[in-house]
Amino acid sequence: MDQTSVQLDTRMNNESFIDMFLLTNKRFLPSSKMNLIKEKLMRVDNYRLDNVLSLDFKDPITTFMFSMSLGVFGIDRFTIGSVGIGILKLLTFWFFGLPWFIDLFFIQNATKNKNYEKLLDVIG
């Protein structure tokens, strides 16, 4: 087997790995950025691809449930890493729960975007 065929075989294995990764994690990442994610993953080395497997993505559905129950206190935003908005929600708790209600519509997309940022940190 020559070097060209080994590189081609490795590239095909990486592409199938990337397709499987995107298929299993599509609910955690923004659907509008899937093609961009695939392009970026195709350009990274095997070491970074291995690191992608160790990522722990936040589940948007679980975060939404958190938002329903503890979102008034900003706990949902603290769990995804949006500390500033979490503090804002905590401080405006007595303002008729308006920040909590508005955030119910945005928390899932915010979670997917935070997961996307985490992925970009790993793959560079």
# chains A, B, ... in the order shown; residues from 1 in each chain; ligands from 1

call {"tool": "select_by_dssp", "arguments": {"residues": "segment 18-111 of chain A", "states": "helix (DSSP H, G or I)", "output": "ChimeraX atom specification"}}
result
/A:18-25,31-43,46-53,60-73,75-80,83-91,98-103,107-111

call {"tool": "residues_around", "arguments": {"residues": "Ile107 of chain A", "least_positions_apart": "6", "cutoff": "12 Å", "atoms": "only C-alpha atoms", "output": "CSV table (one decimal) with C-alpha atoms, in the first residue's frame"}}
result
chain,number,residue,atom,x,y,z
A,58,LYS,CA,-25.2,20.6,27.4
A,59,ASP,CA,-28.6,19.3,26.4
A,60,PRO,CA,-31.0,22.1,25.2
A,61,ILE,CA,-34.0,20.1,26.4
A,62,THR,CA,-32.6,19.7,29.9
A,63,THR,CA,-31.6,23.3,30.0
A,64,PHE,CA,-35.2,24.2,28.9
A,65,MET,CA,-36.5,22.1,31.8
A,66,PHE,CA,-34.1,23.8,34.1
A,67,SER,CA,-35.4,27.1,32.8
A,68,MET,CA,-39.0,26.2,33.5
A,71,GLY,CA,-35.0,29.9,35.5
A,74,GLY,CA,-31.1,32.4,36.7
A,75,ILE,CA,-29.8,28.8,37.4
A,76,ASP,CA,-30.4,27.9,33.7
A,77,ARG,CA,-28.0,30.6,32.5
A,78,PHE,CA,-25.4,29.7,35.2
A,79,THR,CA,-25.4,26.1,34.0
A,80,ILE,CA,-24.6,27.0,30.4
A,81,GLY,CA,-22.0,29.6,31.4
A,82,SER,CA,-23.9,32.8,30.8
A,85,ILE,CA,-27.5,37.0,32.2
A,86,GLY,CA,-27.9,34.6,35.1
A,99,PRO,CA,-36.7,38.0,32.2
A,100,TRP,CA,-37.6,34.4,33.0
A,101,PHE,CA,-40.6,34.4,30.6
A,113,ASN,CA,-24.6,28.3,20.7
A,114,LYS,CA,-22.6,27.7,23.8

call {"tool": "residues_around", "arguments": {"residues": "Glu39 of chain A", "least_positions_apart": "5", "cutoff": "12 Å", "atoms": "only C-alpha atoms", "output": "PyMOL selection string"}}
result
chain A and resi 14-15+18-19+22+33-34+44+120+123

call {"tool": "write_last_selection", "arguments": {"atoms": "all heavy atoms", "output": "short mmCIF file (atom, residue, chain, number, x, y, z; two decimals), in the first residue's frame"}}
result
data_model
loop_
_atom_site.label_atom_id
_atom_site.label_comp_id
_atom_site.auth_asym_id
_atom_site.auth_seq_id
_atom_site.Cartn_x
_atom_site.Cartn_y
_atom_site.Cartn_z
N ASN A 14 -11.83 9.50 8.52
CA ASN A 14 -12.12 10.74 9.22
C ASN A 14 -13.47 11.29 8.78
O ASN A 14 -14.24 11.79 9.61
CB ASN A 14 -11.04 11.78 8.97
CG ASN A 14 -9.78 11.51 9.76
OD1 ASN A 14 -9.75 10.65 10.63
ND2 ASN A 14 -8.73 12.23 9.44
N GLU A 15 -13.77 11.22 7.49
CA GLU A 15 -15.05 11.74 7.01
C GLU A 15 -16.22 10.94 7.57
O GLU A 15 -17.22 11.52 7.98
CB GLU A 15 -15.09 11.73 5.48
CG GLU A 15 -16.29 12.45 4.94
CD GLU A 15 -16.22 12.66 3.45
OE1 GLU A 15 -15.20 12.32 2.82
OE2 GLU A 15 -17.21 13.17 2.91
N ILE A 18 -16.59 11.98 11.17
CA ILE A 18 -17.20 13.30 11.28
C ILE A 18 -18.69 13.23 11.01
O ILE A 18 -19.50 13.83 11.72
CB ILE A 18 -16.49 14.29 10.32
CG1 ILE A 18 -15.08 14.56 10.83
CG2 ILE A 18 -17.27 15.58 10.18
CD1 ILE A 18 -14.18 15.25 9.83
N ASP A 19 -19.09 12.46 9.99
CA ASP A 19 -20.51 12.30 9.70
C ASP A 19 -21.25 11.66 10.87
O ASP A 19 -22.35 12.08 11.23
CB ASP A 19 -20.71 11.48 8.43
CG ASP A 19 -20.33 12.24 7.18
OD1 ASP A 19 -20.31 13.49 7.22
OD2 ASP A 19 -20.05 11.58 6.15
N LEU A 22 -21.55 14.24 13.74
CA LEU A 22 -22.60 15.23 13.47
C LEU A 22 -23.98 14.62 13.60
O LEU A 22 -24.91 15.28 14.08
CB LEU A 22 -22.40 15.85 12.09
CG LEU A 22 -21.16 16.73 11.94
CD1 LEU A 22 -21.01 17.18 10.50
CD2 LEU A 22 -21.23 17.92 12.87
N LYS A 33 -25.34 25.88 11.46
CA LYS A 33 -23.88 25.87 11.38
C LYS A 33 -23.31 24.48 11.13
O LYS A 33 -22.10 24.29 11.23
CB LYS A 33 -23.30 26.46 12.65
CG LYS A 33 -23.72 27.90 12.83
CD LYS A 33 -23.04 28.55 13.98
CE LYS A 33 -23.48 29.98 13.95
NZ LYS A 33 -23.33 30.74 15.08
N MET A 34 -24.14 23.52 10.79
CA MET A 34 -23.67 22.15 10.61
C MET A 34 -22.67 22.02 9.46
O MET A 34 -21.66 21.33 9.60
CB MET A 34 -24.84 21.20 10.38
CG MET A 34 -25.60 20.91 11.65
SD MET A 34 -24.51 20.31 12.93
CE MET A 34 -25.55 19.15 13.70
N VAL A 44 -9.07 19.53 10.62
CA VAL A 44 -8.27 19.35 11.84
C VAL A 44 -7.53 18.01 11.80
O VAL A 44 -7.88 17.10 11.07
CB VAL A 44 -9.12 19.45 13.13
CG1 VAL A 44 -9.79 20.79 13.21
CG2 VAL A 44 -10.13 18.34 13.21
N LEU A 120 -15.70 24.87 18.96
CA LEU A 120 -14.70 25.70 18.26
C LEU A 120 -13.44 25.88 19.10
O LEU A 120 -12.34 25.97 18.55
CB LEU A 120 -15.29 27.07 17.92
CG LEU A 120 -16.31 27.09 16.79
CD1 LEU A 120 -16.75 28.52 16.52
CD2 LEU A 120 -15.80 26.44 15.53
N ILE A 123 -11.42 22.58 18.43
CA ILE A 123 -10.89 22.35 17.09
C ILE A 123 -10.10 23.53 16.54
O ILE A 123 -9.43 23.42 15.52
CB ILE A 123 -11.99 21.92 16.09
CG1 ILE A 123 -13.04 23.01 15.90
CG2 ILE A 123 -12.61 20.62 16.51
CD1 ILE A 123 -14.06 22.70 14.84
#

call {"tool": "atom_distance", "arguments": {"atom1": "atom CA of Gly97 of chain A", "atom2": "atom CA of Gly84 of chain A"}}
result
17.0 Å

call {"tool": "atom_distance", "arguments": {"atom1": "atom CA of Asn13 of chain A", "atom2": "atom CA of Ile37 of chain A"}}
result
17.1 Å

call {"tool": "residues_around", "arguments": {"residues": "Val52 of chain A", "least_positions_apart": "6", "cutoff": "9 Å", "atoms": "only C-alpha atoms", "output": "PyMOL selection string"}}
result
chain A and resi 21+119+122-123

call {"tool": "closest_residue", "arguments": {"among": "A:Val83, A:Phe73, A:Phe57, A:Lys40", "to": "Lys26 of chain A", "atoms": "only C-alpha atoms"}}
result
A:Phe57

call {"tool": "closest_residue", "arguments": {"among": "A:Asp56, A:Leu91, A:Asn109, A:Val72", "to": "Ser32 of chain A", "atoms": "only C-alpha atoms"}}
result
A:Asn109

call {"tool": "closest_residue", "arguments": {"among": "A:Leu55, A:Leu49, A:Leu41, A:Leu98", "to": "Phe28 of chain A", "atoms": "only C-alpha atoms"}}
result
A:Leu55

call {"tool": "atom_distance", "arguments": {"atom1": "atom CA of Lys112 of chain A", "atom2": "atom CA of Leu36 of chain A"}}
result
14.5 Å

call {"tool": "decode", "arguments": {"residues": "segment 83-105 of chain A", "atoms": "N, CA and C atoms", "output": "PDB file, in the first residue's frame"}}
result
ATOM      1  N   VAL A  83     -23.013  33.727  32.866  1.00  0.00           N
ATOM      2  CA  VAL A  83     -23.089  34.219  34.248  1.00  0.00           C
ATOM      3  C   VAL A  83     -23.738  35.597  34.310  1.00  0.00           C
ATOM      4  N   GLY A  84     -23.412  36.475  33.373  1.00  0.00           N
ATOM      5  CA  GLY A  84     -23.964  37.833  33.383  1.00  0.00           C
ATOM      6  C   GLY A  84     -25.476  37.844  33.283  1.00  0.00           C
ATOM      7  N   ILE A  85     -26.011  37.061  32.352  1.00  0.00           N
ATOM      8  CA  ILE A  85     -27.470  36.995  32.195  1.00  0.00           C
ATOM      9  C   ILE A  85     -28.089  36.284  33.395  1.00  0.00           C
ATOM     10  N   GLY A  86     -27.376  35.308  33.946  1.00  0.00           N
ATOM     11  CA  GLY A  86     -27.864  34.626  35.142  1.00  0.00           C
ATOM     12  C   GLY A  86     -28.006  35.583  36.315  1.00  0.00           C
ATOM     13  N   ILE A  87     -27.017  36.437  36.500  1.00  0.00           N
ATOM     14  CA  ILE A  87     -27.085  37.436  37.577  1.00  0.00           C
ATOM     15  C   ILE A  87     -28.217  38.423  37.310  1.00  0.00           C
ATOM     16  N   LEU A  88     -28.354  38.842  36.050  1.00  0.00           N
ATOM     17  CA  LEU A  88     -29.446  39.752  35.698  1.00  0.00           C
ATOM     18  C   LEU A  88     -30.807  39.134  36.021  1.00  0.00           C
ATOM     19  N   LYS A  89     -30.968  37.866  35.680  1.00  0.00           N
ATOM     20  CA  LYS A  89     -32.241  37.197  35.982  1.00  0.00           C
ATOM     21  C   LYS A  89     -32.442  37.054  37.485  1.00  0.00           C
ATOM     22  N   LEU A  90     -31.377  36.789  38.203  1.00  0.00           N
ATOM     23  CA  LEU A  90     -31.461  36.647  39.651  1.00  0.00           C
ATOM     24  C   LEU A  90     -31.849  37.972  40.301  1.00  0.00           C
ATOM     25  N   LEU A  91     -31.267  39.049  39.831  1.00  0.00           N
ATOM     26  CA  LEU A  91     -31.556  40.353  40.423  1.00  0.00           C
ATOM     27  C   LEU A  91     -32.930  40.902  40.032  1.00  0.00           C
ATOM     28  N   THR A  92     -33.422  40.504  38.878  1.00  0.00           N
ATOM     29  CA  THR A  92     -34.732  41.004  38.432  1.00  0.00           C
ATOM     30  C   THR A  92     -35.838  39.993  38.708  1.00  0.00           C
ATOM     31  N   PHE A  93     -35.605  39.090  39.618  1.00  0.00           N
ATOM     32  CA  PHE A  93     -36.599  38.070  39.963  1.00  0.00           C
ATOM     33  C   PHE A  93     -37.941  38.696  40.352  1.00  0.00           C
ATOM     34  N   TRP A  94     -37.893  39.776  41.062  1.00  0.00           N
ATOM     35  CA  TRP A  94     -39.130  40.386  41.553  1.00  0.00           C
ATOM     36  C   TRP A  94     -39.813  41.265  40.511  1.00  0.00           C
ATOM     37  N   PHE A  95     -39.190  41.422  39.359  1.00  0.00           N
ATOM     38  CA  PHE A  95     -39.780  42.245  38.304  1.00  0.00           C
ATOM     39  C   PHE A  95     -40.777  41.424  37.493  1.00  0.00           C
ATOM     40  N   PHE A  96     -41.722  40.832  38.186  1.00  0.00           N
ATOM     41  CA  PHE A  96     -42.826  40.067  37.600  1.00  0.00           C
ATOM     42  C   PHE A  96     -42.373  38.850  36.788  1.00  0.00           C
ATOM     43  N   GLY A  97     -41.159  38.409  36.961  1.00  0.00           N
ATOM     44  CA  GLY A  97     -40.670  37.236  36.246  1.00  0.00           C
ATOM     45  C   GLY A  97     -40.526  37.447  34.755  1.00  0.00           C
ATOM     46  N   LEU A  98     -40.487  38.676  34.308  1.00  0.00           N
ATOM     47  CA  LEU A  98     -40.406  38.970  32.881  1.00  0.00           C
ATOM     48  C   LEU A  98     -39.134  38.420  32.229  1.00  0.00           C
ATOM     49  N   PRO A  99     -37.946  38.591  32.815  1.00  0.00           N
ATOM     50  CA  PRO A  99     -36.750  38.003  32.187  1.00  0.00           C
ATOM     51  C   PRO A  99     -36.844  36.478  32.063  1.00  0.00           C
ATOM     52  N   TRP A 100     -37.437  35.845  33.052  1.00  0.00           N
ATOM     53  CA  TRP A 100     -37.611  34.391  32.999  1.00  0.00           C
ATOM     54  C   TRP A 100     -38.508  34.006  31.834  1.00  0.00           C
ATOM     55  N   PHE A 101     -39.613  34.703  31.669  1.00  0.00           N
ATOM     56  CA  PHE A 101     -40.559  34.377  30.610  1.00  0.00           C
ATOM     57  C   PHE A 101     -39.927  34.585  29.230  1.00  0.00           C
ATOM     58  N   ILE A 102     -39.222  35.676  29.055  1.00  0.00           N
ATOM     59  CA  ILE A 102     -38.577  35.957  27.767  1.00  0.00           C
ATOM     60  C   ILE A 102     -37.511  34.906  27.466  1.00  0.00           C
ATOM     61  N   ASP A 103     -36.773  34.508  28.483  1.00  0.00           N
ATOM     62  CA  ASP A 103     -35.684  33.558  28.284  1.00  0.00           C
ATOM     63  C   ASP A 103     -36.182  32.160  27.927  1.00  0.00           C
ATOM     64  N   LEU A 104     -37.422  31.854  28.229  1.00  0.00           N
ATOM     65  CA  LEU A 104     -37.961  30.552  27.839  1.00  0.00           C
ATOM     66  C   LEU A 104     -37.893  30.346  26.330  1.00  0.00           C
ATOM     67  N   PHE A 105     -37.964  31.438  25.588  1.00  0.00           N
ATOM     68  CA  PHE A 105     -37.935  31.349  24.129  1.00  0.00           C
ATOM     69  C   PHE A 105     -36.514  31.315  23.563  1.00  0.00           C
TER      70      PHE A 105
END
